[in-house]
Amino acid sequence: MKKHDFSLAGLILVAVLIFSLLGCAQNEQPGHRAAESENGDEQAGDSSGGGLEPITFTAYFEDPSPNWNNMQDAVGKVITEKTGVTIDAEFAVSGVDRISLIAASGNYPDLISPKGSADQLVSAGAMIDLTDLIEQHGPNLKKVYGEYLPRLRWSEEDPSIYFLPTYDGVGQTYFDAGGGFQLQHAVVQELGYPEIRTVKDFEDAIRTYMERHPTIDGQPTIGLSLLADDWRILISVTNNAFYATGAPDDGEFYIDPETFEATYHYRRPEEKEYFRWLNHMNATGLLDPESFVQKYDQYLAKIASGRVLALTDQRWQFQDGENALKAEGKYERGYGHYPVTLNEQYVRKDFQGTGFMGGWGIGITTSNPDPVRAIQFLDWLASEEGQILRRWGIEGEHYEVVDGKRVIPPQVMEEKRNNAAQFERTSGIGLYEMFSAKYGDGVLDSTGNYFTTNFPEQIVESYNEVEKEVLAHYNATTWKDLFPSEEEFPVRPWGAAWQIQMPTGSDLSVIFQRCDDIMKRRIPQAVLADPSEFDEIWDQFMAELIEAGVEQMEREYTELVRKKVAFWNET
Amino acid sequence: MAGSKTWFSRSWPDRCFDLFNFMFMIFVLVITLYPFLHVLAISLNDSTDTVRGGIHIWPRQFTLANYEVIFQYDTLLTGFRNSVLRTIVGTALGLISASMLAFTLSRRDFQARKFISVFLALTLYFSGGLIPVYMLIRDLGLMNSFWVYVFPGMVNAFFVFVIRSYIDGLPYSLQESAKLDGANDFVIYWRIIMPLSKPVLATIALFIAVGQWNAWFDTYLYNGSARHLTTLQFELMKVLESTTTSGSSQDFRGQNMTEVMARVSPESVKMAITIVVTVPILLVYPFLQRYFVKGMTLGAVKS
Amino acid sequence: MEAQTPPASASLGAKSNDTKWRSFCKKAFQQRYLYLMSIPFVIWVFVFHYVPVWGWIMAFQNYRPGLPFFEQEWVGLKHFLDLFTDRYFYTVMRNTLAMSLMGLAVGFTLPIFFAIMLNELRGSLFKRTVQTVAYLPHFVSWVVVAGIVIKLLSIDRGAVNEWLLWLGIIDQPIPFMAKEKWFWWIVTAADAWKETGWNSIIFLAAIAGIDPELYEAARVDGAGRWRQIWHITLPGIRSVIFVLMILSIGNLISIGFEKQFLLSNPLVREYAEVLELYALNYGIGLARFSYGTAIGIFNSVISVTLLFIANGLFKRYANESVM
């Protein structure tokens with residue numbers, strides 16, 4: 001009986017196999033047909049190239065755009081009217097990488113804007129070289145990228161241009177500082193606006209205020225609170241180690257400006273001293289004991305309670321908590337940004353220039369039926385007319401020109417502020433940011449107006465009275481004035497190292513992940529340890545990094561940086 | 001059955017048992033109600049105020065604004081329709097396939113029983129991975145189609161085994177007497193086994209329905225460009241994106257931080273979404289609950 | 001055996017094989033409805049579950065999306081060797097197995113206990129209310145539940161510490177979330193809180209299928225409540241319990257990573273990371289599809305082995321099995 005069971009099983013298996021193979025074969029056909037019809041489209045497209053006949057491109061963007069309205073918004077309608085192009089777009093959701101599926105399946109959209117996994121599309125042969133197309137059909141693109149055009153090239157080995165950078169705005173300038181070390185306005189007010197320049201000043205201010213006010217609104221005062229919830233540990237904890245020791249943000253590496261040698265930045269001796277200081281803060285009770293345990297919402301809730309005196313964070317990260325304070329009118333519990341370093345010997349390089357960094361952007365795939373129309377479309381979006389339309393909207397509807405100046409009428413501003421999502425959906429302003437090349441904040445157009453809607457006057461306007469008062473006592477108008485300006489430092493010829501992509505799936509990326517795991521475990525340990533054990537834990541940390549291959553990683557990364565410097569700056 | 005006696009006529013240990021049980025259930029009630037009320041309270045609270053924390057089961061600054069954020073998207077309606085549709089179709093097909101297979105596998109004399117059992121069980125423990133599945137779906141022509149919601153997961157081995165273990169517990173004599181009356185296996189399945197299995201079928205229906213209702217990843221992968229096939233969960237997922245800052249560790253260095261950051265209040269909207277998603281599926285439960293009444297089914301058939 | 005039989009009986013053997021075959025076919029014909037009701041689904045399962053397994057080949061390549069399949073670089077067992085020589089792999093396996101076994105113990109006893117107690121409850125409305133409410137937490141996402149748990153256990157005004165201080169059991173708040181040794185227990189408890197009600201549904205359904213005459217008879221014999229539970233309810237749902245248990249044992253190392261990830265923090269990482277998070281961080285997360293697939297294969301092999309062991313043991317000692 002058993003034997004029969006088995007033979008029957010075999011029979012069925014064979015039958016099923018045959019059946020499914022047939023099924024597969026049959027199902028292959030529609031795929032082929034689709035490919036053929038694509039070719040057909042291409043020919044049709046070529047013959048109509050350059051005209052304004054309506055054409056639809058499919059597109060995929062590796063970033064969410066929840067208010068996308070299928071170009072039925074005001075700006076979208078104008079774009080279609082001017083170019084004849086309609087974009088049928090899909091957007092990523094929840095950071096799930098779909099690029100690898102797209103690359104693997106060979107079903108490419110006409111236009112694609114990937115992020116970190118762009119190299120998978122390139123190695124799959126999905127992208128077309130834009131060099132000649134830009135040369136022939138892209139005067140505006142050439143103008144926007146200008147001298148940086150060579151930075152668009154893929155690599156030394158493959159100098160094709162596959163993507164037009166859209167994340168980074170050309171000529172971007174920063175008007176305000178959102179980083180540094182933060183102290184509540186109440187603290188500096190009470191202490192008579194002392195100089196906050198070194199970690200010692202910072203620490204003394206916290207301690208003195210805490211001693212005088214052991215509770216705030218009936219709850220225990222918290223000195224310095226850190227956040228270590230997943231990747232946020234980089235922002236609130238570890239990036240400060242290089243900022244406070246006079247290095248700019250190059251991600252997890254320190255790049256020697258002379259030799260371009262890359263060092264995993266924790267391995268710099270001066271950073272050990274920075275973490276020793278954090279350890280000392282903990283030992284003396286100035287550090288929030290929940291610093292490495294709390295989640296983001298707990299951290300924000302603490303800030304919103306007004307009893308956290310100091311942070312070492314970026315404004316965009318703690319802003320929600322501060323906004324809750326402002327909503328209650330507790331302006332003196334808001335935070336100022338101070339250029340704190342480990343000691344006087346260092347200066348903060350938050351604003352050291354990078355030049356145009358290129359980076360992620362949009363490209364045309366081999367499936368595109370009409371690359372010429374596509375590049376013309378992207379070029380139009382990069383024109384002055386296109387950029388103003390994308391940022392400001394439609395004249396008379398979203399902005400007015402008064403005495404040659406573009407202004408946003410109050411009711412539009414109101415709408416934009418109070419009903420941001422709805423405004424974006426109907427106006428389309430903000431929906432086309434990632435569609436083509438763009439200028440950054442602070443760049444003026446031919447009429448002397450800013451391309452973007454962020455400009456310096458706005459910054460000061462957005463400060464509250466307490467902020468203005470504190471700034472006045474420090475002889476500054478913006479927080480940025482407290483920091484060394486970009487003019488004091490040379491532009492980094494490698495841009496910013498965090499932009500340098502490690503090849504996906506490479507050994508380098510594996511070692512990096514390993515080091516990252518070690519770091520996230522060891523740094524909290526070192527900071528929370530008894531001061532007498534700090535050195536021991538740190539030595540262990542360093543030894544583990546070496547065991548994980550940090551030296552090999554640094555060597556390979558140095559190569560990447562050097563290649564980039566050579567490649568970007570060759571003439 | 002228990003209701004036939006009154007409280008006073010019952011024995012002392014019996015009453016003790018009931019008292020303990022009652023206390024225990026009150027405890028369960030309190031601790032399991034808390035998270036849901038917490039979500040509800042935050043969804044009805046002002047989002048800026050929510051950041052301050054400390055909200056438990058009652059909103060501090062009442063508002064409906066979080067729900068307004070959600071309901072301004074007209075695509076929700078299409079999504080809702082498709083979600084209902086996939087839940088109904090998916091549950092019906094899933095239930096039929098699982099119960100049929102379960103019935104055949106419960107028959108100890110069935111020749112292919114062992115083979116099919118092993119063949120099914122293995123599927124619970126391996127997967128080809130995302131890329132091969134994606135390519136299979138494409139090759140089967142299921143991209144941009146409603147059926148991609150239903151077909152790939154239609155036969156679920158877990159459900160088959162659960163139903164089978166239930167059928168195993170039914171008296172086999174019922175099947176035998178039906179056979180003597182000349183009923184074929186399909187008739188036995190449909191006329192005898194199915195009605196008797198209502199409790200387990202209701203359970204499995206609930207499992208399938210909840211799974212179907214909550215699914216969004218398949219919409220994203222396979223039907224992202226087919227707007228008429230969108231689902232409620234997927235649309236809400238997108239709404240959530242509009243309020244959440246990007247989570248990858250490289251993104252925050254992008255230039256558009258100010259713009260991204262202008263859309264805040266993720267916490268409250270997230271909670272409102274949880275409520276919007278959960279309430280419809282919760283409404284299904286009371287309808288299924290009546291099938292869980294002890295002894296109802298067997299007694300009905302026997303008498 | 002057959003080779004040794006003398007030629008005289010060989011024809012007999014052939015004959016009996018023939019009759020066996022005939023009786024097999026006859027039986028198959030008798031069972032045609034059973035075949036009709038199962039084979040289509042078997043094919044279905046083959047297409048959707050077995051066909052994609054060709055992707056396992058990736059584990060022996062350095063797969064890069066987009067290149068034709070046979071132009072991929074072949075690397076043999078490299079990814080498996082990498083996996084087994086990674087010291088961190090053993091840490092995540094320890095955590096996975098520990099939390100999984102604890103979850104298995106709690107995840108069966110509590111729902112069964114709850115279902116039985118619920119079944120013993122008098123008063124239909126109260127019973128229905130408890131039942132409905134108890135399954136609500138299942139619909140609250142892990143993000144929310146983890147947030148509530150962390151706040152309850154916080155040293156900064158967390159409810160648990162406040163109570164303990166108030167009761168005078170401790171004089172310093174305990175940083176529960178910062179203690180490595182507590183992490184597994186916290187995860188298990190949070191899981192029980194969230195899923196007990198939901199998991200009990202299946203047992204409730206099974207109890208509903210028990211013949212009420214059995215209880216009636218027991219009561220006539222003077223059996224108390226506990227004895228009824230012990231001698232009728234539990235044996236009545238035994239089959240469902242064992243089947244679920246066998247299937248869960250097969251799933252011992254695939255326990256997801258969401259709850260562990262959301263409850264963890266840098267201080268307890270050593271005890272929080274599980275295999276699936278490892279697969280994500282070192283596999284798909286780094287676009288190392290091959291490595292991810294290798295982990296998947298490892299996972300499947302262990303799972304299937306566990307399944308057969310559990311199935312065999314239960315078959316032998318409890319006479320219940322899945323296959």
# chains A, B, ... in the order shown; residues from 1 in each chain; ligands from 1
call {"tool": "closest_atom_pairs", "arguments": {"of": "chain B", "to": "chain C", "cutoff": "6 Å", "atoms": "only C-alpha atoms", "output": "Markdown table"}}
result
| residue | atom | partner | partner_atom | distance |
| --- | --- | --- | --- | --- |
| B:Leu29 | CA | C:Val130 | CA | 5.8 |
| B:Thr32 | CA | C:Ala134 | CA | 5.4 |
| B:Leu101 | CA | C:Ser38 | CA | 5.4 |
| B:Thr104 | CA | C:Leu34 | CA | 5.5 |
| B:Ser117 | CA | C:Met323 | CA | 5.1 |
| B:Val118 | CA | C:Met323 | CA | 5.7 |
| B:Tyr125 | CA | C:Ser300 | CA | 5.4 |
| B:Phe126 | CA | C:Ser300 | CA | 5.0 |
| B:Gly128 | CA | C:Val53 | CA | 4.1 |
| B:Pro132 | CA | C:Pro52 | CA | 5.1 |
| B:Val133 | CA | C:Pro52 | CA | 5.5 |
| B:Pro152 | CA | C:Phe48 | CA | 5.8 |
| B:Ser165 | CA | C:Val240 | CA | 5.5 |
| B:Asp185 | CA | C:Tyr33 | CA | 5.8 |
| B:Pro199 | CA | C:Ala205 | CA | 4.8 |
| B:Val200 | CA | C:Ala205 | CA | 5.4 |
| B:Phe292 | CA | C:Ala205 | CA | 5.4 |
| B:Val293 | CA | C:Ala208 | CA | 5.7 |
| B:Lys294 | CA | C:Ala208 | CA | 4.0 |
| B:Gly295 | CA | C:Pro212 | CA | 5.2 |
call {"tool": "interface_residues", "arguments": {"of": "chain A", "to": "chain B", "cutoff": "6 Å", "atoms": "only C-alpha atoms", "output": "PyMOL selection string"}}
result
chain A and resi 27+66+168+231+301+304+324
call {"tool": "closest_atom_pairs", "arguments": {"of": "chain C", "to": "chain A", "cutoff": "8 Å", "atoms": "only C-alpha atoms", "output": "tab-separated table"}}
result
residue	atom	partner	partner_atom	distance
C:Trp21	CA	A:His4	CA	7.9
C:Phe24	CA	A:His4	CA	7.6
C:Ile43	CA	A:Val16	CA	6.0
C:Phe46	CA	A:Val16	CA	7.5
C:Val47	CA	A:Ser20	CA	6.6
C:Arg64	CA	A:Gln120	CA	7.1
C:Pro65	CA	A:Ala104	CA	4.2
C:Gly66	CA	A:Ala104	CA	4.2
C:Leu67	CA	A:Ala124	CA	5.5
C:Gly147	CA	A:Lys295	CA	7.8
C:Ile150	CA	A:Gln294	CA	7.9
C:Lys151	CA	A:Gln298	CA	7.7
C:Ile155	CA	A:Glu290	CA	7.6
C:Asp156	CA	A:Glu290	CA	7.9
C:Met177	CA	A:Val293	CA	6.7
C:Ala178	CA	A:Val293	CA	6.4
C:Asn265	CA	A:Val293	CA	5.4
C:Pro266	CA	A:Arg521	CA	5.5
C:Leu267	CA	A:Arg521	CA	6.6
C:Arg269	CA	A:Arg521	CA	6.8
C:Glu270	CA	A:Arg521	CA	8.0
C:Asn281	CA	A:Gln513	CA	7.7
C:Tyr282	CA	A:Val510	CA	6.8
C:Leu286	CA	A:Gly505	CA	5.4
C:Ala287	CA	A:Gly505	CA	5.1
C:Arg288	CA	A:Gly505	CA	4.7
call {"tool": "residues_around", "arguments": {"residues": "Glu465 in chain A", "least_positions_apart": "5", "cutoff": "12 Å", "atoms": "only C-alpha atoms", "output": "tab-separated table (two decimals) with N, CA and C atoms, in the first residue's frame"}}
result
chain	number	residue	atom	x	y	z
A	185	HIS	N	16.66	78.89	26.30
A	185	HIS	CA	16.87	80.34	26.45
A	185	HIS	C	16.86	80.72	27.91
A	326	LYS	N	6.11	76.10	22.27
A	326	LYS	CA	5.71	77.40	21.73
A	326	LYS	C	4.19	77.54	21.74
A	329	GLY	N	3.11	78.88	24.71
A	329	GLY	CA	3.66	80.19	25.05
A	329	GLY	C	4.92	80.14	25.91
A	330	LYS	N	5.49	78.94	26.06
A	330	LYS	CA	6.72	78.83	26.88
A	330	LYS	C	7.96	79.08	26.02
A	331	TYR	N	8.07	80.31	25.49
A	331	TYR	CA	9.18	80.59	24.56
A	331	TYR	C	10.54	80.47	25.22
A	332	GLU	N	10.61	80.78	26.54
A	332	GLU	CA	11.92	80.74	27.20
A	332	GLU	C	12.42	79.31	27.35
A	334	GLY	N	12.37	77.30	24.77
A	334	GLY	CA	12.88	76.94	23.45
A	334	GLY	C	14.41	76.93	23.48
A	460	VAL	N	14.52	85.52	10.01
A	460	VAL	CA	14.43	86.41	11.16
A	460	VAL	C	12.97	86.64	11.55
A	470	VAL	N	17.65	86.95	22.92
A	470	VAL	CA	18.87	86.18	23.21
A	470	VAL	C	19.91	86.45	22.14
A	471	LEU	N	19.49	86.41	20.88
A	471	LEU	CA	20.43	86.65	19.79
A	471	LEU	C	21.05	88.04	19.90
A	472	ALA	N	20.23	89.04	20.26
A	472	ALA	CA	20.75	90.39	20.38
A	472	ALA	C	21.86	90.46	21.43
call {"tool": "select_by_dssp", "arguments": {"residues": "range 307-413 of chain A", "states": "strand (DSSP E)", "output": "number ranges by chain"}}
result
A: 308-311, 335-338, 361-364, 400-402, 405-407
call {"tool": "write_last_selection", "arguments": {"atoms": "N, CA, C and O atoms", "output": "PDB file, in the first residue's frame"}}
result
ATOM      1  N   VAL A 308      13.959  69.826  29.972  1.00  0.00           N
ATOM      2  CA  VAL A 308      15.266  69.404  29.459  1.00  0.00           C
ATOM      3  C   VAL A 308      16.065  70.656  29.136  1.00  0.00           C
ATOM      4  O   VAL A 308      15.689  71.435  28.260  1.00  0.00           O
ATOM      5  N   LEU A 309      17.169  70.870  29.843  1.00  0.00           N
ATOM      6  CA  LEU A 309      17.914  72.124  29.680  1.00  0.00           C
ATOM      7  C   LEU A 309      18.738  72.153  28.403  1.00  0.00           C
ATOM      8  O   LEU A 309      18.901  73.200  27.799  1.00  0.00           O
ATOM      9  N   ALA A 310      19.280  71.011  28.026  1.00  0.00           N
ATOM     10  CA  ALA A 310      20.224  71.027  26.911  1.00  0.00           C
ATOM     11  C   ALA A 310      20.070  69.809  26.022  1.00  0.00           C
ATOM     12  O   ALA A 310      19.682  68.732  26.474  1.00  0.00           O
ATOM     13  N   LEU A 311      20.396  70.011  24.746  1.00  0.00           N
ATOM     14  CA  LEU A 311      20.378  68.948  23.752  1.00  0.00           C
ATOM     15  C   LEU A 311      21.623  69.064  22.898  1.00  0.00           C
ATOM     16  O   LEU A 311      22.249  70.125  22.850  1.00  0.00           O
ATOM     17  N   TYR A 335      15.022  76.506  22.374  1.00  0.00           N
ATOM     18  CA  TYR A 335      16.463  76.274  22.391  1.00  0.00           C
ATOM     19  C   TYR A 335      17.236  77.196  21.457  1.00  0.00           C
ATOM     20  O   TYR A 335      16.807  77.474  20.340  1.00  0.00           O
ATOM     21  N   GLY A 336      18.394  77.641  21.925  1.00  0.00           N
ATOM     22  CA  GLY A 336      19.334  78.353  21.079  1.00  0.00           C
ATOM     23  C   GLY A 336      20.414  77.391  20.609  1.00  0.00           C
ATOM     24  O   GLY A 336      20.625  76.344  21.215  1.00  0.00           O
ATOM     25  N   HIS A 337      21.083  77.769  19.518  1.00  0.00           N
ATOM     26  CA  HIS A 337      22.099  76.891  18.927  1.00  0.00           C
ATOM     27  C   HIS A 337      23.474  77.503  19.121  1.00  0.00           C
ATOM     28  O   HIS A 337      23.720  78.613  18.648  1.00  0.00           O
ATOM     29  N   TYR A 338      24.373  76.797  19.805  1.00  0.00           N
ATOM     30  CA  TYR A 338      25.686  77.352  20.137  1.00  0.00           C
ATOM     31  C   TYR A 338      26.811  76.519  19.535  1.00  0.00           C
ATOM     32  O   TYR A 338      26.739  75.283  19.515  1.00  0.00           O
ATOM     33  N   GLY A 361      19.113  61.317  -8.393  1.00  0.00           N
ATOM     34  CA  GLY A 361      18.341  62.093  -9.343  1.00  0.00           C
ATOM     35  C   GLY A 361      17.542  61.225 -10.285  1.00  0.00           C
ATOM     36  O   GLY A 361      17.375  60.023 -10.064  1.00  0.00           O
ATOM     37  N   ILE A 362      17.081  61.850 -11.365  1.00  0.00           N
ATOM     38  CA  ILE A 362      16.154  61.187 -12.277  1.00  0.00           C
ATOM     39  C   ILE A 362      16.869  60.813 -13.571  1.00  0.00           C
ATOM     40  O   ILE A 362      17.766  61.523 -14.021  1.00  0.00           O
ATOM     41  N   GLY A 363      16.472  59.679 -14.159  1.00  0.00           N
ATOM     42  CA  GLY A 363      17.094  59.240 -15.400  1.00  0.00           C
ATOM     43  C   GLY A 363      16.064  58.667 -16.355  1.00  0.00           C
ATOM     44  O   GLY A 363      14.909  58.444 -15.998  1.00  0.00           O
ATOM     45  N   ILE A 364      16.502  58.451 -17.586  1.00  0.00           N
ATOM     46  CA  ILE A 364      15.625  57.910 -18.618  1.00  0.00           C
ATOM     47  C   ILE A 364      16.023  56.467 -18.873  1.00  0.00           C
ATOM     48  O   ILE A 364      17.207  56.161 -19.018  1.00  0.00           O
ATOM     49  N   GLU A 400       2.073  86.964  -6.390  1.00  0.00           N
ATOM     50  CA  GLU A 400       1.903  88.176  -7.178  1.00  0.00           C
ATOM     51  C   GLU A 400       3.245  88.867  -7.290  1.00  0.00           C
ATOM     52  O   GLU A 400       4.123  88.670  -6.460  1.00  0.00           O
ATOM     53  N   VAL A 401       3.380  89.677  -8.323  1.00  0.00           N
ATOM     54  CA  VAL A 401       4.611  90.447  -8.460  1.00  0.00           C
ATOM     55  C   VAL A 401       4.302  91.892  -8.095  1.00  0.00           C
ATOM     56  O   VAL A 401       3.494  92.550  -8.742  1.00  0.00           O
ATOM     57  N   VAL A 402       4.886  92.326  -6.983  1.00  0.00           N
ATOM     58  CA  VAL A 402       4.674  93.695  -6.517  1.00  0.00           C
ATOM     59  C   VAL A 402       6.004  94.429  -6.572  1.00  0.00           C
ATOM     60  O   VAL A 402       6.971  94.004  -5.944  1.00  0.00           O
ATOM     61  N   LYS A 405       8.926  92.380  -7.232  1.00  0.00           N
ATOM     62  CA  LYS A 405       9.233  91.321  -6.239  1.00  0.00           C
ATOM     63  C   LYS A 405       8.090  90.310  -6.208  1.00  0.00           C
ATOM     64  O   LYS A 405       6.923  90.687  -6.155  1.00  0.00           O
ATOM     65  N   ARG A 406       8.450  89.036  -6.198  1.00  0.00           N
ATOM     66  CA  ARG A 406       7.422  88.018  -6.046  1.00  0.00           C
ATOM     67  C   ARG A 406       7.000  87.946  -4.581  1.00  0.00           C
ATOM     68  O   ARG A 406       7.851  87.832  -3.704  1.00  0.00           O
ATOM     69  N   VAL A 407       5.702  88.057  -4.338  1.00  0.00           N
ATOM     70  CA  VAL A 407       5.220  87.892  -2.963  1.00  0.00           C
ATOM     71  C   VAL A 407       4.062  86.901  -2.939  1.00  0.00           C
ATOM     72  O   VAL A 407       3.284  86.817  -3.882  1.00  0.00           O
TER      73      VAL A 407
END
call {"tool": "closest_residue", "arguments": {"among": "A:Thr341, A:Gln352, A:Ser236, A:Thr366", "to": "Trp316 in chain A", "atoms": "only C-alpha atoms"}}
result
A:Ser236
call {"tool": "residues_around", "arguments": {"residues": "Val150 in chain B", "least_positions_apart": "6", "cutoff": "8 Å", "atoms": "only C-alpha atoms", "output": "ChimeraX atom specification"}}
result
/B:86,89-90,93
call {"tool": "select_by_dssp", "arguments": {"residues": "range 398-561 of chain A", "states": "alpha helix (DSSP H)", "output": "PyMOL selection string"}}
result
chain A and resi 410-418+420-427+456-462+465-473+507-528+534-547+550-561
